[in-house]
file upload02.cif (mmCIF, C-alpha atoms)
data_protein
#
loop_
_atom_site.group_PDB
_atom_site.id
_atom_site.type_symbol
_atom_site.label_atom_id
_atom_site.label_comp_id
_atom_site.auth_asym_id
_atom_site.auth_seq_id
_atom_site.Cartn_x
_atom_site.Cartn_y
_atom_site.Cartn_z
ATOM 1 C CA SER A 1 71.447 104.185 91.664
ATOM 2 C CA TRP A 2 74.569 106.087 90.593
ATOM 3 C CA THR A 3 76.194 102.946 89.203
ATOM 4 C CA GLU A 4 73.592 102.131 86.567
ATOM 5 C CA ALA A 5 74.240 102.769 82.888
ATOM 6 C CA GLN A 6 71.486 104.498 80.957
ATOM 7 C CA ASP A 7 70.451 103.311 77.475
ATOM 8 C CA GLY A 8 73.643 101.316 76.994
ATOM 9 C CA GLU A 9 75.837 104.342 77.749
ATOM 10 C CA ALA A 10 78.654 103.754 80.195
ATOM 11 C CA ASN A 11 79.250 106.199 83.008
ATOM 12 C CA ASN A 12 82.597 107.091 84.552
ATOM 13 C CA LEU A 13 81.572 106.740 88.185
ATOM 14 C CA LEU A 14 83.754 104.672 90.472
ATOM 15 C CA GLY A 15 82.857 103.384 93.913
ATOM 16 C CA VAL A 16 85.027 101.979 96.695
ATOM 17 C CA TYR A 17 83.507 99.371 98.976
ATOM 18 C CA SER A 18 84.292 99.347 102.706
ATOM 19 C CA ILE A 19 84.068 95.898 104.254
ATOM 20 C CA GLU A 20 84.145 97.417 107.741
ATOM 21 C CA ASP A 21 81.216 99.785 107.082
ATOM 22 C CA ASP A 22 79.412 97.598 104.525
ATOM 23 C CA SER A 23 78.989 100.679 102.341
ATOM 24 C CA TRP A 24 80.057 102.248 99.045
ATOM 25 C CA THR A 25 81.725 105.642 98.593
ATOM 26 C CA GLU A 26 81.968 107.387 95.238
ATOM 27 C CA VAL A 27 85.517 108.302 94.161
ATOM 28 C CA PRO A 28 85.695 111.844 92.724
ATOM 29 C CA MET A 29 87.019 112.211 89.208
ATOM 30 C CA ASN A 30 90.078 114.467 89.591
ATOM 31 C CA GLY A 31 93.370 114.833 87.814
ATOM 32 C CA GLU A 32 95.406 117.115 85.623
ATOM 33 C CA ASN A 33 94.437 115.114 82.561
ATOM 34 C CA GLY A 34 90.783 114.719 83.490
ATOM 35 C CA SER A 35 89.429 111.263 84.091
ATOM 36 C CA PRO A 36 88.713 108.258 81.898
ATOM 37 C CA PRO A 37 85.513 108.214 79.887
ATOM 38 C CA GLY A 38 82.870 105.763 81.059
ATOM 39 C CA ARG A 39 83.251 102.186 79.884
ATOM 40 C CA PHE A 40 82.167 98.595 80.387
ATOM 41 C CA SER A 41 84.468 95.629 81.040
ATOM 42 C CA ALA A 42 87.757 97.467 81.488
ATOM 43 C CA ASN A 43 90.794 95.537 82.654
ATOM 44 C CA VAL A 44 91.858 96.602 86.150
ATOM 45 C CA ALA A 45 95.022 95.837 88.099
ATOM 46 C CA HIS A 46 96.277 97.018 91.493
ATOM 47 C CA HIS A 47 99.973 97.663 92.147
ATOM 48 C CA GLU A 48 101.549 99.582 95.045
ATOM 49 C CA GLY A 49 98.513 101.741 95.855
ATOM 50 C CA VAL A 50 97.541 102.485 92.260
ATOM 51 C CA LEU A 51 94.656 101.043 90.238
ATOM 52 C CA TYR A 52 95.374 100.745 86.519
ATOM 53 C CA PHE A 53 92.453 100.742 84.049
ATOM 54 C CA TRP A 54 92.938 99.680 80.444
ATOM 55 C CA GLY A 55 90.555 99.188 77.572
ATOM 56 C CA GLY A 56 86.907 98.256 77.793
ATOM 57 C CA ALA A 57 83.860 99.045 75.675
ATOM 58 C CA LEU A 58 82.572 102.617 75.484
ATOM 59 C CA ARG A 59 79.001 101.428 74.808
ATOM 60 C CA ALA A 60 77.291 98.227 75.853
ATOM 61 C CA THR A 61 76.289 97.383 72.273
ATOM 62 C CA SER A 62 79.395 98.590 70.438
ATOM 63 C CA PRO A 63 82.237 96.420 69.154
ATOM 64 C CA ASP A 64 84.569 99.434 69.507
ATOM 65 C CA ARG A 65 87.089 99.053 72.300
ATOM 66 C CA ALA A 66 89.007 101.709 74.188
ATOM 67 C CA THR A 67 92.791 101.382 74.106
ATOM 68 C CA ASP A 68 93.723 104.009 76.678
ATOM 69 C CA LEU A 69 95.498 103.389 79.995
ATOM 70 C CA TRP A 70 94.623 105.304 83.174
ATOM 71 C CA ALA A 71 96.010 105.184 86.711
ATOM 72 C CA LEU A 72 94.113 106.084 89.882
ATOM 73 C CA ASP A 73 96.281 106.907 92.909
ATOM 74 C CA LEU A 74 94.279 105.502 95.822
ATOM 75 C CA ASP A 75 95.872 107.880 98.349
ATOM 76 C CA THR A 76 95.191 111.129 96.480
ATOM 77 C CA GLU A 77 92.221 109.869 94.403
ATOM 78 C CA GLU A 78 93.739 111.544 91.342
ATOM 79 C CA TRP A 79 93.644 110.143 87.838
ATOM 80 C CA ARG A 80 96.393 110.370 85.264
ATOM 81 C CA ARG A 81 96.462 109.132 81.711
ATOM 82 C CA ILE A 82 99.477 107.037 80.770
ATOM 83 C CA ALA A 83 100.803 107.182 77.214
ATOM 84 C CA VAL A 84 101.293 103.758 75.671
ATOM 85 C CA PRO A 85 102.655 102.874 72.236
ATOM 86 C CA ALA A 86 100.137 101.834 69.606
ATOM 87 C CA TRP A 87 99.543 98.097 69.234
ATOM 88 C CA SER A 88 101.043 96.745 66.017
ATOM 89 C CA GLY A 89 100.259 93.056 66.470
#

call {"tool": "encode", "arguments": {"input": "upload02.cif", "output": "structure tokens"}}
result
Amino acid sequence: SWTEAQDGEANNLLGVYSIEDDSWTEVPMNGENGSPPGRFSANVAHHEGVLYFWGGALRATSPDRATDLWALDLDTEEWRRIAVPAWSG
């Protein structure tokens, strides 16, 4: 299926589930700044029609974590990268 990772590599495919139709639809990867690279275990939050994606692992077996923040407008299905200050904790 289009959601499966191959050889531990994450993909950047995103699906939206319709309860009414009991089906999945793939969300196209659009946006002026491209789209986020594939990842596992990203943090996701929804606020006022926008999904925010932060962090996650770029490979299933890697300790390296992504630190980028992306927003997906659910009306236009467009991605934009959001600049965030570096963590200094």

call {"tool": "closest_residue", "arguments": {"input": "upload02.cif", "among": "A:Ala83, A:Leu74, A:Val27, A:Ala66", "to": "Val50 in chain A", "atoms": "only C-alpha atoms"}}
result
A:Leu74

call {"tool": "residues_around", "arguments": {"input": "upload02.cif", "residues": "Pro28 in chain A", "least_positions_apart": "4", "cutoff": "12 Å", "atoms": "all atoms listed in the file", "output": "ChimeraX atom specification"}}
result
/A:12-16,34-36,72-74,76-79

call {"tool": "atom_distance", "arguments": {"input": "upload02.cif", "atom1": "CA of Gly55 in chain A", "atom2": "CA of Leu69 in chain A"}}
result
6.9 Å

call {"tool": "residues_near_point", "arguments": {"input": "upload02.cif", "point": "(83.0, 97.4, 83.6)", "cutoff": "9 Å", "atoms": "all atoms listed in the file", "output": "list in words"}}
result
Ala10, Gly38, Arg39, Phe40, Ser41, Ala42, Asn43, Gly56 and Ala57 of chain A

call {"tool": "closest_residue", "arguments": {"input": "upload02.cif", "among": "A:Leu51, A:Val84, A:Ile19, A:Ala45", "to": "Thr67 in chain A", "atoms": "all atoms listed in the file"}}
result
A:Val84

call {"tool": "axis_aligned_box", "arguments": {"input": "upload02.cif", "around": "range 60-72 of chain A", "padding_each_side": "5 Å", "output": "JSON"}}
result
{"center_x": 86.1, "center_y": 101.3, "center_z": 79.5, "size_x": 29.7, "size_y": 19.7, "size_z": 30.7}

call {"tool": "closest_residue", "arguments": {"input": "upload02.cif", "among": "A:Glu26, A:Arg59, A:Tyr17, A:Gly49", "to": "Asp75 in chain A", "atoms": "all atoms listed in the file"}}
result
A:Gly49

call {"tool": "atom_distance", "arguments": {"input": "upload02.cif", "atom1": "CA of Trp24 in chain A", "atom2": "CA of His46 in chain A"}}
result
18.6 Å
